[in-house]
>>> print(open('input_34.txt').read())   # compact mmCIF, C-alpha atoms
# COMPACT_ATOMS: atom_id res chain seq x y z
CA MET U 1 -43.91 -53.12 93.97
CA ALA U 2 -45.44 -50.00 95.52
CA GLY U 3 -49.23 -49.70 95.43
CA GLY U 4 -49.66 -46.55 93.38
CA VAL U 5 -49.40 -46.09 89.63
CA LEU U 6 -47.75 -43.28 87.70
CA TYR U 7 -49.51 -42.71 84.38
CA VAL U 8 -47.56 -40.76 81.74
CA VAL U 9 -50.40 -39.24 79.72
CA ALA U 10 -50.10 -37.67 76.27
CA THR U 11 -52.37 -34.65 75.84
CA PRO U 12 -53.40 -32.58 72.79
CA ILE U 13 -50.78 -30.43 71.08
CA GLY U 14 -53.46 -27.92 70.12
CA ASN U 15 -56.88 -29.27 69.24
CA LEU U 16 -58.62 -30.33 72.46
CA GLU U 17 -60.40 -33.16 70.59
CA ASP U 18 -57.06 -34.90 70.01
CA VAL U 19 -57.11 -36.92 73.23
CA THR U 20 -57.71 -40.64 73.57
CA LEU U 21 -60.64 -42.19 75.42
CA ARG U 22 -58.15 -44.03 77.61
CA ALA U 23 -56.40 -40.78 78.54
CA LEU U 24 -59.70 -39.21 79.58
CA ARG U 25 -60.59 -42.25 81.69
CA VAL U 26 -57.21 -42.19 83.43
CA LEU U 27 -57.48 -38.45 84.11
CA ARG U 28 -60.90 -39.03 85.69
CA GLU U 29 -59.66 -41.89 87.88
CA VAL U 30 -56.30 -40.68 89.25
CA ASP U 31 -55.92 -38.96 92.62
CA VAL U 32 -53.85 -36.07 91.32
CA VAL U 33 -52.57 -34.63 88.04
CA ALA U 34 -48.97 -33.37 87.90
CA ALA U 35 -49.02 -30.72 85.17
CA GLU U 36 -46.32 -28.67 83.47
CA ASP U 37 -48.73 -25.71 83.40
CA THR U 38 -51.76 -26.10 85.66
CA ARG U 39 -53.63 -23.32 83.84
CA ARG U 40 -53.43 -25.05 80.47
CA THR U 41 -54.23 -28.47 81.91
CA ARG U 42 -57.25 -27.02 83.74
CA VAL U 43 -58.63 -25.84 80.39
CA LEU U 44 -58.31 -29.37 79.00
CA LEU U 45 -59.92 -30.96 82.04
CA GLN U 46 -62.79 -28.47 82.14
CA HIS U 47 -63.40 -28.98 78.40
CA HIS U 48 -63.98 -32.66 79.09
CA GLY U 49 -65.86 -32.19 82.38
CA ILE U 50 -63.09 -33.47 84.65
CA ALA U 51 -62.34 -32.02 88.09
CA LYS U 52 -59.07 -33.15 89.68
CA PRO U 53 -56.45 -31.67 92.04
CA LEU U 54 -53.51 -30.24 90.08
CA VAL U 55 -49.86 -30.01 91.14
CA ALA U 56 -47.40 -27.86 89.19
CA TYR U 57 -44.58 -29.95 87.73
CA HIS U 58 -42.40 -27.86 85.40
CA ASP U 59 -38.68 -27.52 84.68
CA ALA U 60 -37.97 -25.20 87.59
CA VAL U 61 -39.48 -27.49 90.25
CA GLU U 62 -39.34 -31.03 88.87
CA ARG U 63 -36.23 -32.08 90.81
CA THR U 64 -37.65 -30.87 94.13
CA ARG U 65 -41.25 -31.90 93.53
CA ALA U 66 -40.56 -35.43 92.26
CA PRO U 67 -39.75 -36.94 95.72
CA GLY U 68 -43.08 -35.77 97.17
CA LEU U 69 -45.02 -37.23 94.28
CA VAL U 70 -43.11 -40.50 94.57
CA GLU U 71 -43.97 -40.66 98.28
CA ARG U 72 -47.66 -40.28 97.40
CA LEU U 73 -47.27 -43.08 94.87
CA ARG U 74 -45.62 -45.28 97.48
CA ARG U 75 -48.63 -44.71 99.75
CA GLY U 76 -50.89 -46.07 97.05
CA GLU U 77 -52.12 -42.94 95.30
CA SER U 78 -52.29 -42.73 91.52
CA VAL U 79 -50.73 -39.81 89.64
CA ALA U 80 -51.14 -38.66 86.04
CA LEU U 81 -48.16 -36.79 84.60
CA VAL U 82 -49.00 -34.41 81.74
CA SER U 83 -47.11 -31.70 79.87
CA ASP U 84 -48.40 -28.55 78.21
CA ALA U 85 -48.83 -30.45 74.97
CA GLY U 86 -47.92 -33.86 73.63
CA THR U 87 -46.04 -36.58 75.48
CA PRO U 88 -44.21 -35.87 78.78
CA GLY U 89 -40.48 -36.49 78.79
CA ILE U 90 -40.02 -35.61 75.10
CA ALA U 91 -38.52 -32.10 75.28
CA ASP U 92 -40.76 -31.64 78.34
CA PRO U 93 -40.46 -32.41 82.07
CA GLY U 94 -40.91 -36.01 83.13
CA TYR U 95 -37.58 -37.80 83.33
CA HIS U 96 -36.89 -37.20 87.03
CA LEU U 97 -40.33 -38.29 88.19
CA VAL U 98 -40.35 -41.42 86.02
CA ARG U 99 -36.83 -42.34 87.09
CA GLN U 100 -37.48 -41.88 90.80
CA ALA U 101 -40.78 -43.75 90.58
CA LEU U 102 -39.06 -46.72 88.95
CA VAL U 103 -36.31 -46.73 91.58
CA ALA U 104 -39.01 -46.74 94.26
CA GLY U 105 -40.67 -49.78 92.69
CA VAL U 106 -43.69 -47.83 91.43
CA ARG U 107 -45.48 -49.08 88.34
CA VAL U 108 -45.17 -46.60 85.45
CA VAL U 109 -47.74 -46.87 82.65
CA PRO U 110 -47.60 -45.01 79.30
CA ILE U 111 -50.85 -43.58 77.95
CA PRO U 112 -49.81 -42.78 74.36
CA GLY U 113 -51.36 -40.15 72.17
CA PRO U 114 -50.58 -36.85 70.44
CA SER U 115 -47.01 -35.92 69.50
CA ALA U 116 -45.82 -32.97 67.45
CA VAL U 117 -42.96 -35.11 66.15
CA ALA U 118 -45.27 -37.87 64.93
CA ALA U 119 -47.66 -35.30 63.46
CA ILE U 120 -45.08 -33.47 61.34
CA THR U 121 -43.18 -36.55 60.18
CA SER U 122 -46.42 -38.23 59.07
CA VAL U 123 -47.21 -35.42 56.60
CA ALA U 124 -43.67 -34.28 55.72
CA GLY U 125 -43.51 -36.09 52.40
CA LEU U 126 -39.79 -36.64 53.05
CA PRO U 127 -37.89 -39.88 53.75
CA VAL U 128 -38.48 -40.15 57.51
CA ASP U 129 -38.55 -43.91 57.95
CA ARG U 130 -35.48 -43.25 60.13
CA PHE U 131 -35.00 -39.92 61.88
CA ALA U 132 -33.00 -38.33 64.70
CA PHE U 133 -34.98 -36.15 67.11
CA GLU U 134 -32.82 -33.26 68.32
CA GLY U 135 -35.44 -31.20 70.13
CA PHE U 136 -34.38 -27.61 70.82
CA LEU U 137 -30.91 -26.62 69.62
CA PRO U 138 -28.74 -24.32 71.79
CA ASN U 139 -29.95 -20.72 72.04
CA ARG U 140 -26.61 -19.17 71.16
CA SER U 141 -25.66 -19.15 67.50
CA ALA U 142 -22.08 -20.41 67.97
CA ALA U 143 -23.19 -23.45 69.96
CA ARG U 144 -26.07 -24.02 67.57
CA ARG U 145 -23.80 -23.96 64.54
CA ARG U 146 -21.41 -26.32 66.26
CA ARG U 147 -24.16 -28.84 66.96
CA LEU U 148 -25.53 -28.57 63.43
CA GLY U 149 -22.02 -29.15 62.09
CA GLU U 150 -21.85 -32.36 64.11
CA LEU U 151 -25.09 -33.46 62.44
CA ALA U 152 -24.05 -32.58 58.88
CA ARG U 153 -23.21 -36.20 57.96
CA GLU U 154 -26.17 -37.78 59.75
CA ALA U 155 -27.92 -40.15 57.33
CA ARG U 156 -31.28 -39.98 59.07
CA ALA U 157 -33.73 -37.12 58.70
CA LEU U 158 -33.36 -34.49 61.43
CA VAL U 159 -36.27 -33.25 63.53
CA PHE U 160 -36.02 -30.06 65.58
CA LEU U 161 -38.26 -27.97 67.80
CA GLU U 162 -37.83 -24.20 67.77
CA ALA U 163 -39.30 -21.06 69.31
CA PRO U 164 -40.80 -18.43 66.99
CA THR U 165 -38.29 -15.78 68.11
CA ARG U 166 -35.31 -17.94 67.10
CA VAL U 167 -36.57 -19.87 64.10
CA VAL U 168 -35.14 -17.61 61.36
CA ALA U 169 -31.70 -17.55 63.02
CA MET U 170 -31.87 -21.34 63.46
CA LEU U 171 -32.74 -21.82 59.77
CA ASP U 172 -29.86 -19.50 58.82
CA ASP U 173 -27.45 -21.65 60.79
CA ALA U 174 -28.95 -24.87 59.41
CA LEU U 175 -28.56 -23.59 55.86
CA GLY U 176 -24.91 -22.82 56.48
CA ALA U 177 -24.10 -26.07 58.27
CA LEU U 178 -26.25 -28.57 56.35
CA GLY U 179 -26.61 -27.00 52.92
CA ASP U 180 -29.85 -26.18 51.15
CA ARG U 181 -31.66 -29.44 51.84
CA GLU U 182 -35.35 -30.18 51.58
CA ALA U 183 -37.22 -29.22 54.72
CA VAL U 184 -40.71 -28.99 56.21
CA VAL U 185 -41.77 -26.59 58.94
CA GLY U 186 -44.95 -27.13 60.94
CA ARG U 187 -46.43 -24.19 62.84
CA GLU U 188 -49.44 -24.25 65.18
CA LEU U 189 -50.03 -27.93 64.36
CA THR U 190 -53.65 -29.10 64.88
CA LYS U 191 -54.73 -25.55 65.77
CA LEU U 192 -57.00 -23.15 63.89
CA HIS U 193 -54.09 -21.44 62.12
CA GLU U 194 -52.09 -24.59 61.37
CA GLU U 195 -49.47 -24.01 58.68
CA ILE U 196 -47.04 -26.38 56.99
CA LEU U 197 -44.25 -24.90 54.86
CA ARG U 198 -42.39 -27.08 52.38
CA GLY U 199 -39.37 -26.51 50.16
CA ARG U 200 -35.66 -26.15 50.69
CA LEU U 201 -34.20 -24.59 53.81
CA SER U 202 -33.70 -21.35 51.90
CA ASP U 203 -37.38 -21.36 50.87
CA VAL U 204 -38.86 -21.87 54.34
CA ARG U 205 -36.33 -19.45 55.84
CA ALA U 206 -37.34 -16.75 53.35
CA ALA U 207 -41.05 -17.37 53.97
CA LEU U 208 -40.67 -16.89 57.74
CA ALA U 209 -38.12 -14.05 57.53
CA GLY U 210 -40.58 -12.05 55.45
CA ARG U 211 -43.10 -11.85 58.29
CA ALA U 212 -43.35 -9.11 60.86
CA LYS U 213 -43.83 -11.73 63.56
CA VAL U 214 -43.86 -15.51 63.72
CA LEU U 215 -46.32 -17.02 66.18
CA GLY U 216 -46.43 -20.46 67.79
CA GLU U 217 -43.76 -23.07 68.42
CA LEU U 218 -42.44 -24.83 65.34
CA VAL U 219 -41.40 -28.35 64.39
CA ILE U 220 -38.80 -28.66 61.63
CA VAL U 221 -37.86 -31.70 59.53
CA VAL U 222 -34.70 -31.65 57.40
CA THR U 223 -33.62 -34.48 55.11
CA GLY U 224 -30.52 -36.45 56.05
CA ALA U 225 -27.10 -36.07 54.47
CA PRO U 226 -27.62 -36.54 50.70
CA ASP U 227 -24.77 -38.99 50.13
CA ALA U 228 -25.82 -41.10 53.12
CA ALA U 229 -29.47 -40.97 52.12
CA ALA U 230 -28.57 -42.56 48.83
CA GLY U 231 -27.50 -45.71 50.65
CA GLY U 232 -23.83 -44.84 50.67
CA THR U 233 -23.58 -44.27 46.91
CA PRO U 234 -21.34 -41.21 46.27
CA LEU U 235 -23.05 -38.15 44.92
CA ASP U 236 -22.40 -37.05 41.38
CA LEU U 237 -20.16 -34.28 42.61
CA ASP U 238 -19.73 -32.68 39.20
CA ALA U 239 -23.49 -32.40 38.77
CA GLN U 240 -23.83 -30.79 42.19
CA ILE U 241 -21.08 -28.30 41.41
CA ARG U 242 -22.66 -27.40 38.06
CA ARG U 243 -26.06 -26.92 39.71
CA LEU U 244 -24.75 -24.49 42.30
CA ARG U 245 -22.58 -22.65 39.79
CA ALA U 246 -25.66 -22.24 37.58
CA GLU U 247 -27.39 -20.67 40.58
CA GLY U 248 -24.66 -18.03 40.65
CA LEU U 249 -22.46 -19.29 43.48
CA GLY U 250 -18.74 -18.75 43.26
CA VAL U 251 -16.24 -21.60 43.52
CA ARG U 252 -15.48 -20.92 47.18
CA ASP U 253 -19.17 -20.76 48.07
CA VAL U 254 -19.83 -23.98 46.17
CA ALA U 255 -17.06 -25.72 48.09
CA ALA U 256 -18.37 -24.48 51.43
CA ARG U 257 -21.96 -25.47 50.62
CA LEU U 258 -21.16 -28.96 49.37
CA ALA U 259 -18.70 -29.66 52.17
CA ALA U 260 -21.45 -28.97 54.69
CA GLU U 261 -24.04 -30.83 52.63
CA THR U 262 -22.05 -33.97 51.88
CA GLY U 263 -19.33 -34.15 54.49
CA ARG U 264 -16.62 -34.22 51.81
CA PRO U 265 -13.44 -32.21 52.36
CA ARG U 266 -13.91 -28.60 51.27
CA ARG U 267 -10.50 -28.52 49.61
CA GLN U 268 -11.35 -31.55 47.47
CA ILE U 269 -14.57 -29.96 46.27
CA TYR U 270 -12.84 -26.63 45.66
CA GLN U 271 -10.16 -28.26 43.51
CA ARG U 272 -12.73 -30.15 41.47
CA ALA U 273 -14.82 -27.00 40.97
CA LEU U 274 -11.71 -25.17 39.72
CA GLU U 275 -10.98 -28.02 37.28
CA LEU U 276 -14.51 -27.86 35.89
CA GLN U 277 -14.29 -24.07 35.61
CA ARG U 278 -11.00 -24.24 33.70
CA GLY U 279 -12.48 -26.82 31.38
CA GLY U 280 -15.53 -24.69 30.78
CA ALA U 281 -17.83 -27.26 32.33
CA ALA U 282 -18.91 -25.14 35.31
>>> encode(input="input_34.txt", output="C-alpha cells")
Amino acid sequence: MAGGVLYVVATPIGNLEDVTLRALRVLREVDVVAAEDTRRTRVLLQHHGIAKPLVAYHDAVERTRAPGLVERLRRGESVALVSDAGTPGIADPGYHLVRQALVAGVRVVPIPGPSAVAAITSVAGLPVDRFAFEGFLPNRSAARRRRLGELAREARALVFLEAPTRVVAMLDDALGALGDREAVVGRELTKLHEEILRGRLSDVRAALAGRAKVLGELVIVVTGAPDAAAGGTPLDLDAQIRRLRAEGLGVRDVAARLAAETGRPRRQIYQRALELQRGGAA
C-alpha cells in the first residue's frame, strides 16, 4: 500500500462550529487540502487557526487534477479532500480522486461529520427510516418530470437538493408527478436564517412562490408512495377520490392526481370516480 493517506473530510454546511475535533486535527496535520472552493475553505481554516496549502478540486478540474494528487499520495504525502459544505462525494466532487487513490493502493480514510441530508431527515417528522437520495434533478423541466415519474411508485421517502432559482419549478413538477404528498423543505440549514417549511407539496410550493427571491440552496424531503408506505396495503381509493372531489377537483384531475400518487392506472381511477359521481357518493 502506498505511503500517503487520503482523508475525506466532512466540513460544516453553514455554521462554522459544526466541525468535529477529529476533522480539525486532520486538517492541521495533512500536507495539502484539496478543496472544491479554496476561498470558502480558507475561511473555515482561518476561523480555526489553521494554515495549510490549498489546491482547487472542483467539478471542472477533478478529472485532470486527480492524477497529480494521487502521485503526491504515492510519494507519501497526506491529502485532505473537502467540499464547499458537507461530505465530499455526495452531490459534490470526490469520486474520481477516491477511485484513483484506491486503484493506486492508497489508504482512504473517512472523517465523517455534517451532512445536509442527515440534518433535514433528522428533523423532518416524516417516515424516513428508509429513503432514496436523488440529489439534484435535471435542470430541464421535461427531463425532470420524466425522472419524477419514474420515482412515483418509490416506497421510500425521497430526498432532493435544489437551487433557489429552480425550486418552485421543481416543486411544480413534483406536485404533478407525485401528487400532493407531505413534504419538508430546509433552507440555509444551520445558518443564521435557517428555515424549515412543512406541509404538503402544494403548501411549501405556495410559500416559496410567494417570495420575490429565494436565497440559499435547499434540501427537500417528500414522503414515499402512499400505497407502498402502508406496507403494501391498498389505499382506500374511494376515500381518496371523495377527498379530492371535496377539494373541488374534477374527475379527470382526480384520476391524474391519484395515478401519479399511487401508481394505479389512470383509467381505473377515472372509471371508479365516475361510478361514485353517478351514485352521488363523490
>>> atom_distance(input="input_34.txt", atom1="CA of Val108 (chain U)", atom2="CA of Leu6 (chain U)")
4.8 Å
>>> closest_atom_pairs(input="input_34.txt", of="region 45-133 of chain U", to="region 160-180 of chain U", cutoff="10 Å", atoms="all atoms listed in the file", output="tab-separated table")
residue	atom	partner	partner_atom	distance
U:Ala91	CA	U:Leu161	CA	8.5
U:Ala116	CA	U:Leu161	CA	9.1
U:Val117	CA	U:Phe160	CA	8.6
U:Ala132	CA	U:Phe160	CA	8.8
U:Phe133	CA	U:Phe160	CA	6.4
>>> atom_distance(input="input_34.txt", atom1="CA of Ala51 (chain U)", atom2="CA of Val8 (chain U)")
18.3 Å
>>> closest_atom_pairs(input="input_34.txt", of="region 109-148 of chain U", to="region 258-278 of chain U", cutoff="12 Å", atoms="all atoms listed in the file", output="CSV")
residue,atom,partner,partner_atom,distance
U:Arg145,CA,U:Ala260,CA,11.3
U:Arg146,CA,U:Ala260,CA,11.9
U:Leu148,CA,U:Ala260,CA,9.7
>>> residues_around(input="input_34.txt", residues="Ala60 (chain U)", least_positions_apart="2", cutoff="12 Å", atoms="only C-alpha atoms", output="list of chain:residue names")
U:Glu36, U:Asp37, U:Ala56, U:Tyr57, U:His58, U:Glu62, U:Arg63, U:Thr64, U:Arg65, U:Ala66, U:Asp92, U:Pro93
>>> closest_residue(input="input_34.txt", among="U:Arg72, U:Arg205, U:Arg187, U:Arg107", to="Ile13 (chain U)", atoms="all atoms listed in the file")
U:Arg187
>>> atom_distance(input="input_34.txt", atom1="CA of Thr190 (chain U)", atom2="CA of Asp59 (chain U)")
24.9 Å
>>> residues_near_point(input="input_34.txt", point="(-34.5, -30.5, 57.8)", cutoff="7 Å", atoms="all atoms listed in the file", output="number ranges by chain")
U: 157-159, 181-184, 220-223
>>> write_last_selection(input="input_34.txt", atoms="C-alpha atoms", output="tab-separated table (two decimals), in the coordinates of the input")
chain	number	residue	atom	x	y	z
U	157	ALA	CA	-33.73	-37.12	58.70
U	158	LEU	CA	-33.36	-34.49	61.43
U	159	VAL	CA	-36.27	-33.25	63.53
U	181	ARG	CA	-31.66	-29.44	51.84
U	182	GLU	CA	-35.35	-30.18	51.58
U	183	ALA	CA	-37.22	-29.22	54.72
U	184	VAL	CA	-40.71	-28.99	56.21
U	220	ILE	CA	-38.80	-28.66	61.63
U	221	VAL	CA	-37.86	-31.70	59.53
U	222	VAL	CA	-34.70	-31.65	57.40
U	223	THR	CA	-33.62	-34.48	55.11
>>> closest_residue(input="input_34.txt", among="U:Ala119, U:Leu69, U:Val5, U:Val82", to="Thr41 (chain U)", atoms="only C-alpha atoms")
U:Val82
>>> decode(input="input_34.txt", residues="region 139-175 of chain U", atoms="C-alpha atoms", output="CSV table (one decimal), in the first residue's frame")
chain,number,residue,atom,x,y,z
U,139,ASN,CA,-32.4,21.3,-15.0
U,140,ARG,CA,-34.8,21.0,-17.8
U,141,SER,CA,-38.5,20.5,-16.9
U,142,ALA,CA,-39.2,17.7,-19.4
U,143,ALA,CA,-36.3,15.6,-18.1
U,144,ARG,CA,-37.2,16.5,-14.5
U,145,ARG,CA,-40.8,15.4,-14.9
U,146,ARG,CA,-39.6,12.2,-16.5
U,147,ARG,CA,-37.4,11.3,-13.6
U,148,LEU,CA,-40.0,12.2,-11.1
U,149,GLY,CA,-42.5,10.0,-12.9
U,150,GLU,CA,-40.0,7.1,-12.6
U,151,LEU,CA,-40.0,7.8,-8.8
U,152,ALA,CA,-43.7,8.0,-8.4
U,153,ARG,CA,-44.1,4.4,-7.0
U,154,GLU,CA,-40.9,4.5,-4.9
U,155,ALA,CA,-41.9,3.3,-1.4
U,156,ARG,CA,-39.0,5.1,0.4
U,157,ALA,CA,-39.0,8.8,1.2
U,158,LEU,CA,-37.4,10.9,-1.5
U,159,VAL,CA,-34.6,13.4,-0.7
U,160,PHE,CA,-33.6,16.1,-3.2
U,161,LEU,CA,-31.2,19.0,-3.4
U,162,GLU,CA,-32.3,22.1,-5.4
U,163,ALA,CA,-31.1,25.6,-6.3
U,164,PRO,CA,-33.1,28.6,-5.3
U,165,THR,CA,-33.7,29.7,-8.9
U,166,ARG,CA,-35.3,26.3,-9.8
U,167,VAL,CA,-37.0,25.2,-6.6
U,168,VAL,CA,-40.6,26.5,-7.4
U,169,ALA,CA,-40.4,24.9,-10.9
U,170,MET,CA,-39.1,21.6,-9.3
U,171,LEU,CA,-42.0,21.6,-6.7
U,172,ASP,CA,-44.5,22.2,-9.6
U,173,ASP,CA,-43.2,19.2,-11.4
U,174,ALA,CA,-43.1,17.1,-8.2
U,175,LEU,CA,-46.7,18.0,-7.4
